[in-house]
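Content type mmCIF, C-alpha atoms, from the file upload.cif:
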```
data_run
loop_
_atom_site.label_atom_id
_atom_site.label_comp_id
_atom_site.auth_asym_id
_atom_site.auth_seq_id
_atom_site.Cartn_x
_atom_site.Cartn_y
_atom_site.Cartn_z
CA MET A 1 -120.24 -89.22 -100.81
CA THR A 2 -119.93 -92.32 -98.67
CA THR A 3 -118.03 -91.85 -95.46
CA ALA A 4 -117.23 -95.08 -93.72
CA PRO A 5 -116.65 -94.49 -90.01
CA PRO A 6 -113.64 -96.09 -88.33
CA VAL A 7 -113.79 -99.31 -86.33
CA LEU A 8 -114.23 -98.46 -82.63
CA GLN A 9 -113.02 -100.95 -80.02
CA GLY A 10 -114.70 -100.94 -76.63
CA GLU A 11 -114.43 -103.25 -73.62
CA ARG A 12 -117.48 -105.34 -74.39
CA THR A 13 -118.25 -104.37 -77.96
CA ARG A 14 -116.62 -103.63 -81.26
CA LEU A 15 -118.23 -101.14 -83.63
CA ARG A 16 -117.54 -101.65 -87.31
CA PRO A 17 -119.03 -99.75 -90.26
CA LEU A 18 -122.51 -100.95 -91.22
CA ARG A 19 -122.56 -102.58 -94.66
CA GLU A 20 -125.29 -102.89 -97.21
CA ASP A 21 -125.28 -106.67 -96.78
CA ASP A 22 -126.18 -106.17 -93.08
CA LEU A 23 -129.63 -104.91 -94.07
CA PRO A 24 -131.42 -108.32 -94.00
CA LEU A 25 -130.40 -108.64 -90.35
CA VAL A 26 -131.60 -105.09 -89.63
CA VAL A 27 -134.97 -106.01 -91.18
CA ARG A 28 -135.24 -109.14 -89.04
CA TRP A 29 -134.54 -107.11 -85.87
CA PHE A 30 -137.05 -104.43 -86.81
CA ASN A 31 -139.76 -107.05 -87.23
CA ASP A 32 -139.07 -108.70 -83.84
CA PRO A 33 -142.00 -107.43 -81.69
CA GLY A 34 -139.83 -107.11 -78.56
CA VAL A 35 -137.33 -104.89 -80.36
CA ARG A 36 -139.87 -102.98 -82.36
CA HIS A 37 -141.91 -102.00 -79.30
CA TRP A 38 -139.32 -99.33 -78.50
CA LEU A 39 -138.50 -98.12 -82.01
CA HIS A 40 -139.72 -94.65 -82.98
CA GLN A 41 -141.22 -96.13 -86.16
CA SER A 42 -142.85 -99.11 -84.45
CA ASP A 43 -146.24 -98.33 -85.98
CA ARG A 44 -144.92 -98.56 -89.49
CA PRO A 45 -145.85 -101.67 -91.49
CA ASP A 46 -143.38 -104.56 -91.30
CA ALA A 47 -139.98 -103.57 -92.62
CA THR A 48 -138.75 -104.89 -95.95
CA LEU A 49 -135.29 -104.74 -97.50
CA GLU A 50 -136.48 -101.89 -99.66
CA VAL A 51 -137.66 -99.89 -96.64
CA ALA A 52 -134.42 -100.55 -94.77
CA ARG A 53 -132.40 -99.40 -97.76
CA GLU A 54 -134.44 -96.19 -98.01
CA HIS A 55 -134.58 -95.22 -94.33
CA PHE A 56 -131.47 -96.88 -92.96
CA TRP A 57 -128.96 -96.99 -95.74
CA ARG A 58 -129.62 -93.89 -97.84
CA PRO A 59 -128.65 -91.30 -95.20
CA VAL A 60 -125.37 -93.20 -94.77
CA ALA A 61 -124.75 -93.40 -98.52
CA LYS A 62 -125.44 -89.66 -98.81
CA GLY A 63 -122.88 -88.87 -96.13
CA ARG A 64 -125.43 -87.39 -93.74
CA ALA A 65 -125.16 -90.15 -91.15
CA LEU A 66 -122.60 -92.55 -89.70
CA ALA A 67 -123.74 -96.09 -88.98
CA TRP A 68 -122.01 -98.92 -87.16
CA MET A 69 -122.81 -102.56 -86.53
CA ILE A 70 -122.32 -103.42 -82.85
CA GLU A 71 -120.55 -106.75 -82.43
CA THR A 72 -119.69 -108.83 -79.39
CA PRO A 73 -115.94 -109.48 -78.87
CA ASP A 74 -116.35 -112.82 -80.67
CA GLY A 75 -117.75 -111.08 -83.74
CA GLN A 76 -121.51 -111.67 -83.44
CA PRO A 77 -123.58 -108.72 -84.76
CA VAL A 78 -126.07 -107.72 -82.04
CA GLY A 79 -127.36 -104.25 -82.95
CA THR A 80 -126.81 -100.94 -84.66
CA LEU A 81 -125.65 -97.50 -83.59
CA ARG A 82 -126.02 -94.40 -85.74
CA LEU A 83 -125.08 -90.73 -85.55
CA LEU A 84 -127.71 -88.77 -87.47
CA GLU A 85 -128.24 -85.14 -88.45
CA ILE A 86 -124.54 -84.47 -88.01
CA ASP A 87 -124.27 -80.68 -88.08
CA PRO A 88 -120.69 -79.35 -88.00
CA HIS A 89 -121.89 -75.72 -87.95
CA HIS A 90 -123.83 -76.05 -84.71
CA GLY A 91 -121.51 -78.84 -83.52
CA ARG A 92 -124.17 -81.41 -82.82
CA ALA A 93 -125.62 -84.79 -83.81
CA GLU A 94 -128.37 -87.20 -82.81
CA LEU A 95 -127.64 -90.72 -81.58
CA ALA A 96 -129.80 -93.78 -82.31
CA ILE A 97 -129.06 -97.23 -80.93
CA SER A 98 -130.91 -100.53 -80.97
CA ILE A 99 -129.77 -103.90 -79.66
CA GLY A 100 -131.59 -106.33 -81.96
CA GLU A 101 -130.51 -109.61 -80.34
CA THR A 102 -132.72 -109.51 -77.26
CA GLU A 103 -130.81 -112.22 -75.37
CA HIS A 104 -127.95 -109.71 -75.23
CA TRP A 105 -130.04 -107.09 -73.41
CA ASP A 106 -129.01 -106.05 -69.87
CA ARG A 107 -125.34 -106.89 -70.38
CA GLY A 108 -123.99 -103.36 -70.74
CA LEU A 109 -123.35 -103.68 -74.47
CA GLY A 110 -125.38 -100.56 -75.27
CA THR A 111 -123.60 -98.44 -72.66
CA ASP A 112 -120.21 -99.61 -73.92
CA ALA A 113 -121.10 -98.94 -77.56
CA ILE A 114 -122.46 -95.46 -76.74
CA GLN A 115 -119.25 -94.54 -74.93
CA GLN A 116 -117.22 -95.40 -78.05
CA ALA A 117 -119.56 -93.41 -80.27
CA LEU A 118 -119.43 -90.36 -77.95
CA ALA A 119 -115.64 -90.44 -77.96
CA HIS A 120 -115.76 -90.44 -81.75
CA ALA A 121 -118.32 -87.63 -81.87
CA PHE A 122 -116.48 -85.37 -79.41
CA ASP A 123 -112.80 -86.14 -80.08
CA THR A 124 -112.75 -86.96 -83.79
CA LEU A 125 -115.75 -85.12 -85.23
CA ARG A 126 -115.24 -82.22 -82.78
CA LEU A 127 -118.93 -82.02 -81.97
CA ARG A 128 -120.06 -80.45 -78.71
CA ARG A 129 -123.51 -81.87 -78.22
CA VAL A 130 -125.13 -85.28 -78.84
CA CYS A 131 -128.85 -85.68 -78.29
CA LEU A 132 -131.46 -88.42 -78.53
CA ILE A 133 -135.13 -89.00 -77.86
CA THR A 134 -136.53 -92.13 -76.25
CA ASP A 135 -139.89 -93.36 -74.98
CA ALA A 136 -140.50 -91.94 -71.50
CA ASP A 137 -141.42 -95.47 -70.26
CA ASN A 138 -138.22 -97.05 -71.61
CA ALA A 139 -136.55 -97.42 -68.21
CA ARG A 140 -133.81 -99.74 -69.51
CA GLY A 141 -132.86 -97.31 -72.25
CA ILE A 142 -132.93 -94.24 -70.02
CA ARG A 143 -130.73 -95.95 -67.40
CA CYS A 144 -128.22 -96.79 -70.10
CA TYR A 145 -128.20 -93.24 -71.52
CA GLU A 146 -127.78 -91.74 -68.05
CA LYS A 147 -124.82 -94.03 -67.39
CA ALA A 148 -123.25 -92.71 -70.60
CA GLY A 149 -123.70 -89.10 -69.39
CA PHE A 150 -126.99 -88.04 -71.00
CA ILE A 151 -129.37 -85.95 -68.93
CA SER A 152 -133.02 -85.22 -69.53
CA GLU A 153 -133.82 -81.87 -71.13
CA GLY A 154 -137.57 -82.14 -71.50
CA LEU A 155 -140.66 -84.30 -71.85
CA LEU A 156 -142.23 -84.29 -75.32
CA ARG A 157 -145.91 -85.04 -74.77
CA SER A 158 -147.65 -87.52 -77.11
CA HIS A 159 -144.68 -87.38 -79.43
CA ARG A 160 -145.22 -90.68 -81.22
CA LEU A 161 -147.71 -93.50 -81.58
CA ARG A 162 -147.31 -97.06 -80.30
CA TYR A 163 -150.08 -99.49 -81.32
CA GLY A 164 -152.02 -96.35 -82.27
CA GLN A 165 -151.75 -94.75 -78.82
CA PRO A 166 -149.79 -91.54 -78.10
CA VAL A 167 -146.55 -92.05 -76.17
CA ASP A 168 -144.55 -89.37 -74.33
CA MET A 169 -140.87 -89.15 -75.19
CA LEU A 170 -137.90 -87.86 -73.25
CA ALA A 171 -135.42 -85.50 -74.92
CA MET A 172 -131.90 -86.16 -73.60
CA ALA A 173 -128.46 -84.79 -74.45
CA VAL A 174 -124.84 -84.94 -73.37
CA LEU A 175 -122.47 -81.98 -73.76
CA LYS A 176 -118.80 -82.44 -74.51
CA GLU A 177 -117.64 -80.40 -71.51
CA VAL A 178 -119.73 -82.49 -69.13
CA TRP A 179 -118.68 -85.77 -70.73
CA GLU A 180 -114.98 -84.87 -70.58
CA ASN A 181 -115.17 -84.05 -66.89
CA ALA A 182 -117.05 -87.28 -66.16
CA SER A 183 -114.63 -89.51 -68.06
CA ALA A 184 -111.47 -87.71 -66.88
CA MET B 1 -145.82 -79.36 -100.98
CA ILE B 2 -146.97 -75.81 -101.48
CA SER B 3 -150.34 -75.57 -99.78
CA GLU B 4 -153.33 -75.12 -102.06
CA SER B 5 -155.42 -73.94 -99.09
CA ILE B 6 -155.90 -70.24 -98.58
CA LEU B 7 -156.49 -69.49 -94.91
CA GLU B 8 -157.82 -66.13 -93.84
CA GLY B 9 -157.54 -64.78 -90.30
CA GLU B 10 -158.23 -61.42 -88.67
CA LYS B 11 -154.99 -59.83 -89.82
CA VAL B 12 -153.32 -62.14 -92.36
CA ARG B 13 -154.06 -64.35 -95.31
CA LEU B 14 -152.00 -67.52 -95.91
CA ARG B 15 -151.60 -68.48 -99.56
CA PRO B 16 -149.28 -70.58 -101.73
CA VAL B 17 -145.70 -69.31 -102.11
CA GLU B 18 -145.04 -68.21 -105.68
CA GLU B 19 -141.84 -67.71 -107.58
CA ARG B 20 -142.26 -63.93 -107.63
CA ASP B 21 -142.06 -63.94 -103.78
CA LEU B 22 -138.52 -65.28 -103.78
CA PRO B 23 -136.58 -62.04 -104.46
CA HIS B 24 -138.34 -60.47 -101.46
CA PHE B 25 -137.28 -63.38 -99.23
CA VAL B 26 -133.67 -63.04 -100.41
CA ARG B 27 -133.63 -59.33 -99.65
CA TRP B 28 -135.08 -59.78 -96.15
CA LEU B 29 -132.91 -62.78 -95.25
CA ALA B 30 -129.77 -60.76 -95.98
CA ASP B 31 -130.63 -58.71 -92.87
CA PRO B 32 -128.78 -60.17 -89.84
CA GLU B 33 -131.57 -58.99 -87.58
CA ILE B 34 -133.91 -61.40 -89.42
CA ALA B 35 -131.47 -64.25 -90.04
CA ARG B 36 -130.39 -64.14 -86.37
CA TRP B 37 -133.52 -66.03 -85.33
CA LEU B 38 -133.60 -68.58 -88.14
CA GLU B 39 -131.72 -71.63 -87.00
CA ARG B 40 -131.35 -73.35 -90.34
CA LEU B 41 -129.70 -70.37 -92.04
CA GLU B 42 -125.94 -70.36 -91.77
CA LYS B 43 -125.67 -67.43 -94.15
CA ALA B 44 -127.98 -65.35 -96.32
CA PRO B 45 -129.27 -67.34 -99.32
CA THR B 46 -128.78 -66.26 -102.94
CA LEU B 47 -131.77 -66.11 -105.26
CA GLU B 48 -130.61 -69.38 -106.79
CA GLN B 49 -130.51 -71.08 -103.37
CA GLU B 50 -133.92 -69.67 -102.51
CA TYR B 51 -135.32 -71.03 -105.77
CA GLU B 52 -133.87 -74.44 -104.91
CA TRP B 53 -135.45 -74.24 -101.44
CA TRP B 54 -138.85 -73.44 -102.97
CA HIS B 55 -138.48 -76.17 -105.58
CA ASP B 56 -137.59 -78.76 -102.91
CA LYS B 57 -140.57 -77.73 -100.78
CA ARG B 58 -142.91 -78.14 -103.75
CA GLY B 59 -141.80 -81.74 -104.16
CA ASP B 60 -141.75 -82.57 -100.45
CA PRO B 61 -144.92 -84.42 -99.34
CA GLU B 62 -143.96 -83.89 -95.67
CA SER B 63 -143.97 -80.10 -95.86
CA VAL B 64 -146.87 -77.66 -96.17
CA LEU B 65 -145.68 -74.14 -96.96
CA TRP B 66 -147.56 -70.85 -97.11
CA ALA B 67 -146.70 -67.22 -97.77
CA ILE B 68 -148.09 -64.77 -95.21
CA ASP B 69 -149.82 -61.67 -96.63
CA THR B 70 -151.49 -58.85 -94.76
CA LEU B 71 -155.21 -58.66 -95.57
CA ASP B 72 -154.49 -55.86 -98.05
CA GLY B 73 -152.10 -58.15 -99.93
CA GLN B 74 -148.61 -57.21 -98.73
CA LEU B 75 -146.21 -60.13 -98.44
CA VAL B 76 -144.61 -60.21 -94.96
CA GLY B 77 -143.23 -63.74 -94.37
CA THR B 78 -143.64 -67.50 -94.56
CA THR B 79 -144.97 -70.30 -92.40
CA GLU B 80 -144.63 -74.06 -92.71
CA LEU B 81 -145.79 -77.35 -91.22
CA ARG B 82 -143.29 -80.20 -91.41
CA LEU B 83 -145.32 -83.37 -91.09
CA THR B 84 -144.60 -86.69 -89.43
CA MET B 85 -147.85 -88.38 -90.40
CA ARG B 86 -147.00 -91.78 -88.87
CA ALA B 87 -146.88 -90.04 -85.46
CA ASP B 88 -149.82 -87.64 -86.04
CA ARG B 89 -147.59 -84.65 -85.41
CA ALA B 90 -146.03 -81.69 -87.19
CA GLU B 91 -143.38 -79.10 -86.51
CA LEU B 92 -144.36 -75.49 -87.09
CA GLY B 93 -142.03 -72.87 -88.50
CA ILE B 94 -142.81 -69.20 -89.01
CA SER B 95 -140.98 -65.99 -89.78
CA ILE B 96 -142.28 -62.48 -90.29
CA HIS B 97 -139.46 -61.42 -92.60
CA ASP B 98 -140.64 -57.82 -92.96
CA LYS B 99 -139.66 -56.26 -89.65
CA THR B 100 -141.70 -53.11 -90.27
CA HIS B 101 -144.62 -55.47 -89.52
CA TRP B 102 -143.23 -56.89 -86.26
CA SER B 103 -145.22 -56.54 -83.01
CA LYS B 104 -148.58 -56.12 -84.74
CA GLY B 105 -149.95 -59.57 -83.98
CA LEU B 106 -149.51 -60.87 -87.54
CA GLY B 107 -147.43 -63.84 -86.38
CA THR B 108 -149.93 -64.77 -83.68
CA ASP B 109 -152.77 -64.67 -86.21
CA ALA B 110 -150.79 -66.80 -88.70
CA VAL B 111 -149.78 -69.37 -86.05
CA ARG B 112 -153.43 -69.70 -84.98
CA LEU B 113 -154.48 -70.41 -88.58
CA VAL B 114 -151.77 -73.00 -89.09
CA VAL B 115 -152.41 -74.79 -85.78
CA ASP B 116 -156.13 -74.87 -86.54
CA TYR B 117 -155.36 -76.33 -89.98
CA ALA B 118 -153.11 -78.98 -88.39
CA PHE B 119 -155.77 -80.16 -85.94
CA GLU B 120 -158.99 -79.59 -87.90
CA GLU B 121 -157.93 -80.36 -91.48
CA LEU B 122 -154.95 -82.69 -91.12
CA ASP B 123 -156.33 -84.38 -88.00
CA LEU B 124 -152.96 -84.26 -86.20
CA ASN B 125 -152.56 -84.76 -82.47
CA ARG B 126 -149.50 -82.59 -81.71
CA VAL B 127 -147.90 -79.45 -83.13
CA GLU B 128 -144.42 -78.70 -81.88
CA LEU B 129 -141.82 -76.03 -82.50
CA THR B 130 -138.36 -74.99 -81.41
CA THR B 131 -137.23 -71.43 -80.92
CA ASP B 132 -134.22 -69.52 -79.68
CA GLU B 133 -134.56 -69.21 -75.90
CA GLU B 134 -133.71 -65.51 -76.22
CA ASN B 135 -136.48 -64.83 -78.74
CA ALA B 136 -138.88 -63.32 -76.21
CA ARG B 137 -141.17 -61.84 -78.88
CA ALA B 138 -141.71 -65.22 -80.55
CA ILE B 139 -142.18 -67.09 -77.26
CA ARG B 140 -144.83 -64.61 -76.17
CA CYS B 141 -146.64 -65.16 -79.48
CA TYR B 142 -146.54 -68.97 -79.14
CA GLU B 143 -147.77 -68.81 -75.54
CA LYS B 144 -150.66 -66.57 -76.56
CA VAL B 145 -151.76 -69.24 -79.04
CA GLY B 146 -151.53 -71.92 -76.32
CA PHE B 147 -148.13 -73.56 -76.77
CA VAL B 148 -146.50 -74.75 -73.55
CA ARG B 149 -142.81 -75.13 -72.73
CA GLU B 150 -141.54 -78.71 -72.70
CA GLY B 151 -137.81 -78.36 -72.35
CA VAL B 152 -134.58 -76.51 -73.05
CA LEU B 153 -131.97 -77.95 -75.40
CA ARG B 154 -128.66 -76.76 -73.95
CA GLN B 155 -126.09 -75.10 -76.23
CA HIS B 156 -128.14 -76.24 -79.20
CA ARG B 157 -127.32 -73.46 -81.68
CA LEU B 158 -124.40 -71.32 -82.70
CA VAL B 159 -125.44 -67.67 -83.02
CA ASP B 160 -122.95 -64.86 -83.59
CA GLY B 161 -120.09 -67.07 -82.48
CA ARG B 162 -121.59 -68.25 -79.21
CA PHE B 163 -123.77 -71.18 -78.24
CA GLY B 164 -127.37 -70.55 -77.29
CA ASN B 165 -130.18 -72.69 -75.90
CA THR B 166 -133.24 -73.76 -77.85
CA LEU B 167 -136.70 -73.93 -76.32
CA VAL B 168 -139.06 -76.80 -77.26
CA MET B 169 -142.79 -76.00 -77.15
CA SER B 170 -145.92 -77.86 -78.16
CA ILE B 171 -149.69 -77.83 -78.20
CA LEU B 172 -151.91 -80.93 -78.21
CA ARG B 173 -155.21 -81.38 -79.98
CA ASP B 174 -157.21 -81.59 -76.73
CA GLU B 175 -155.77 -78.21 -75.68
CA TRP B 176 -157.05 -76.52 -78.84
CA GLU B 177 -160.29 -74.60 -79.22
CA PRO B 178 -161.19 -74.72 -82.96
CA LEU B 179 -161.41 -71.32 -84.67
CA ASP B 180 -164.86 -70.14 -85.61
CA ARG B 181 -164.66 -70.07 -89.38
CA GLY B 182 -168.33 -69.62 -90.23
CA ASP B 183 -168.73 -65.92 -89.37
CA ASP B 184 -167.83 -62.80 -91.29
CA ASP B 185 -167.12 -60.75 -88.22
#
```

Output the file's structure in the form of structure tokens.
Amino acid sequence: MTTAPPVLQGERTRLRPLREDDLPLVVRWFNDPGVRHWLHQSDRPDATLEVAREHFWRPVAKGRALAWMIETPDGQPVGTLRLLEIDPHHGRAELAISIGETEHWDRGLGTDAIQQALAHAFDTLRLRRVCLITDADNARGIRCYEKAGFISEGLLRSHRLRYGQPVDMLAMAVLKEVWENASA
Amino acid sequence: MISESILEGEKVRLRPVEERDLPHFVRWLADPEIARWLERLEKAPTLEQEYEWWHDKRGDPESVLWAIDTLDGQLVGTTELRLTMRADRAELGISIHDKTHWSKGLGTDAVRLVVDYAFEELDLNRVELTTDEENARAIRCYEKVGFVREGVLRQHRLVDGRFGNTLVMSILRDEWEPLDRGDDD
């Protein structure tokens, strides 16, 4: 079952459903060393269309994930945002975001996009908890997640490899009740 | 995959799960006192669902699954490593389904064998697990083996109609003292 998520309109970004013909762009972003440095799978071989279809598109096509393309107000695609492991029983999901156009970093696009996705997760999907993990040395990412209401829940030691070396990762989450009070 | 390795400890033997084990799992998992601690179970599985689970595990290259037997050959539970090879880590899962065998150190012995296998055979760097924060018996077992607490996932699971926290624990390769597997005693 394919579930296309709705278009979400923020102040600085517009989120529209990711399409299969976006995958070449996703592959190009993955293979940009500056972007890839922070990706959980950065030690994988270079991405190909086939790999992107398998790891990026299949969970969406199977209805287990929601994926959006993040666009600037003038319609330029700049990155992706996904809700993964959506679990209605426990009321939770995992968020994954990557801004692939590096000249658009540090402009608040990520924060804006995350706020739209959280509103969708809490108000429309009726989830109660959204979590993520990020590299513990990713100060830009952590600042952005904290602005969106995430707080740190733990430090996962040596959780992934970057250039073959173990990297600690931070587990973060935002709860609906906290998010509602903050945005009220 | 179903592990081909048979691992023998002081109290348990880990061996491949076989089809004839499945009816026992179904019977035990129907007991709320068992299912209560198993996060991925929303309700008790049927034999058909349990067969599907076993079949999926057999074809899954990122899973290593064992049945846990006592040394005299009684089936008591299952244990599993879910691998993320690109990150040199695995997640450990274990359940002693037969509660007449709880609190005898069988779980601790099984966890030791699996962690040793992860570091010494699979050459991993990290073994992690999550458990219900209220599962004091399990947490004590993991701490005895050397797992440390890394964090608490707030309101992470729905149990009996209310939301409970999940504890994240891990052990790293350089914290592990390999088991002595050469001796008979």

Residue nearest Glu94 (chain A) among B:Glu62, B:Trp28, B:Ile2, B:His156 (counting all atoms listed in the file): B:His156

Using the chain letters and residue numbers of this document, give as JSON, numbers by chain the residues selected by the PyMOL selection byres ((chain A) within 9 of (chain B)). {"A": [40, 41, 43, 44, 89, 90, 91, 92, 128, 129, 131, 152, 153, 154, 155, 156, 157, 158, 159, 160, 161, 162, 164, 166, 171, 172, 173, 175]}

Write the residues of the preceding selection, restricted to C-alpha atoms, as a PDB file, keeping the file's coordinate frame.
```
ATOM      1  CA  HIS A  40    -139.720 -94.650 -82.980  1.00  0.00           C
ATOM      2  CA  GLN A  41    -141.220 -96.130 -86.160  1.00  0.00           C
ATOM      3  CA  ASP A  43    -146.240 -98.330 -85.980  1.00  0.00           C
ATOM      4  CA  ARG A  44    -144.920 -98.560 -89.490  1.00  0.00           C
ATOM      5  CA  HIS A  89    -121.890 -75.720 -87.950  1.00  0.00           C
ATOM      6  CA  HIS A  90    -123.830 -76.050 -84.710  1.00  0.00           C
ATOM      7  CA  GLY A  91    -121.510 -78.840 -83.520  1.00  0.00           C
ATOM      8  CA  ARG A  92    -124.170 -81.410 -82.820  1.00  0.00           C
ATOM      9  CA  ARG A 128    -120.060 -80.450 -78.710  1.00  0.00           C
ATOM     10  CA  ARG A 129    -123.510 -81.870 -78.220  1.00  0.00           C
ATOM     11  CA  CYS A 131    -128.850 -85.680 -78.290  1.00  0.00           C
ATOM     12  CA  SER A 152    -133.020 -85.220 -69.530  1.00  0.00           C
ATOM     13  CA  GLU A 153    -133.820 -81.870 -71.130  1.00  0.00           C
ATOM     14  CA  GLY A 154    -137.570 -82.140 -71.500  1.00  0.00           C
ATOM     15  CA  LEU A 155    -140.660 -84.300 -71.850  1.00  0.00           C
ATOM     16  CA  LEU A 156    -142.230 -84.290 -75.320  1.00  0.00           C
ATOM     17  CA  ARG A 157    -145.910 -85.040 -74.770  1.00  0.00           C
ATOM     18  CA  SER A 158    -147.650 -87.520 -77.110  1.00  0.00           C
ATOM     19  CA  HIS A 159    -144.680 -87.380 -79.430  1.00  0.00           C
ATOM     20  CA  ARG A 160    -145.220 -90.680 -81.220  1.00  0.00           C
ATOM     21  CA  LEU A 161    -147.710 -93.500 -81.580  1.00  0.00           C
ATOM     22  CA  ARG A 162    -147.310 -97.060 -80.300  1.00  0.00           C
ATOM     23  CA  GLY A 164    -152.020 -96.350 -82.270  1.00  0.00           C
ATOM     24  CA  PRO A 166    -149.790 -91.540 -78.100  1.00  0.00           C
ATOM     25  CA  ALA A 171    -135.420 -85.500 -74.920  1.00  0.00           C
ATOM     26  CA  MET A 172    -131.900 -86.160 -73.600  1.00  0.00           C
ATOM     27  CA  ALA A 173    -128.460 -84.790 -74.450  1.00  0.00           C
ATOM     28  CA  LEU A 175    -122.470 -81.980 -73.760  1.00  0.00           C
TER      29      LEU A 175
END
```

Name every residue that the PyMOL selection byres ((chain A and resi 142) around 12) selects in this structure, writing the answer as a ChimeraX atom specification with chains first and numbers rising. /A:38,97,110-111,132-141,143-152,169-173

Reference answer for the PyMOL selection byres ((chain A and resi 84) around 8), as an mmCIF file with C-alpha atoms, in the coordinates of the input:
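Written out: out02.cif:
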```cif
data_model
loop_
_atom_site.group_PDB
_atom_site.id
_atom_site.type_symbol
_atom_site.label_atom_id
_atom_site.label_comp_id
_atom_site.auth_asym_id
_atom_site.auth_seq_id
_atom_site.Cartn_x
_atom_site.Cartn_y
_atom_site.Cartn_z
ATOM 1 C CA ARG A 64 -125.430 -87.390 -93.740
ATOM 2 C CA ALA A 65 -125.160 -90.150 -91.150
ATOM 3 C CA LEU A 66 -122.600 -92.550 -89.700
ATOM 4 C CA ARG A 82 -126.020 -94.400 -85.740
ATOM 5 C CA LEU A 83 -125.080 -90.730 -85.550
ATOM 6 C CA GLU A 85 -128.240 -85.140 -88.450
ATOM 7 C CA ILE A 86 -124.540 -84.470 -88.010
ATOM 8 C CA ALA A 93 -125.620 -84.790 -83.810
ATOM 9 C CA GLU A 94 -128.370 -87.200 -82.810
ATOM 10 C CA LEU A 95 -127.640 -90.720 -81.580
ATOM 11 C CA ALA A 96 -129.800 -93.780 -82.310
#
```

Measuring atom to atom with all atoms listed in the file, identify which of A:Ile114, A:Leu127, A:Ala52, A:Leu8 is nearest to Phe30 (chain A).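 With all atoms listed in the file as the atom set, the closest residue is A:Ala52.
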
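With CA of Val76 (chain B) on one side and CA of Ser95 (chain B) on the other, the separation reads 8.6 Å.
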
Considering all atoms listed in the file, can you say which of B:Asp132, B:Glu175, B:Glu4, B:Asp31 comes closest to Asp116 (chain B)?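 Residue with the minimum atom-to-atom distance to Asp116 (chain B): B:Glu175.
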
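Going from CA of Cys141 (chain B) over to CA of Leu113 (chain B), you cover 13.1 Å.
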
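In this structure, CA of Glu33 (chain B) sits 14.3 Å away from CA of Gly77 (chain B).
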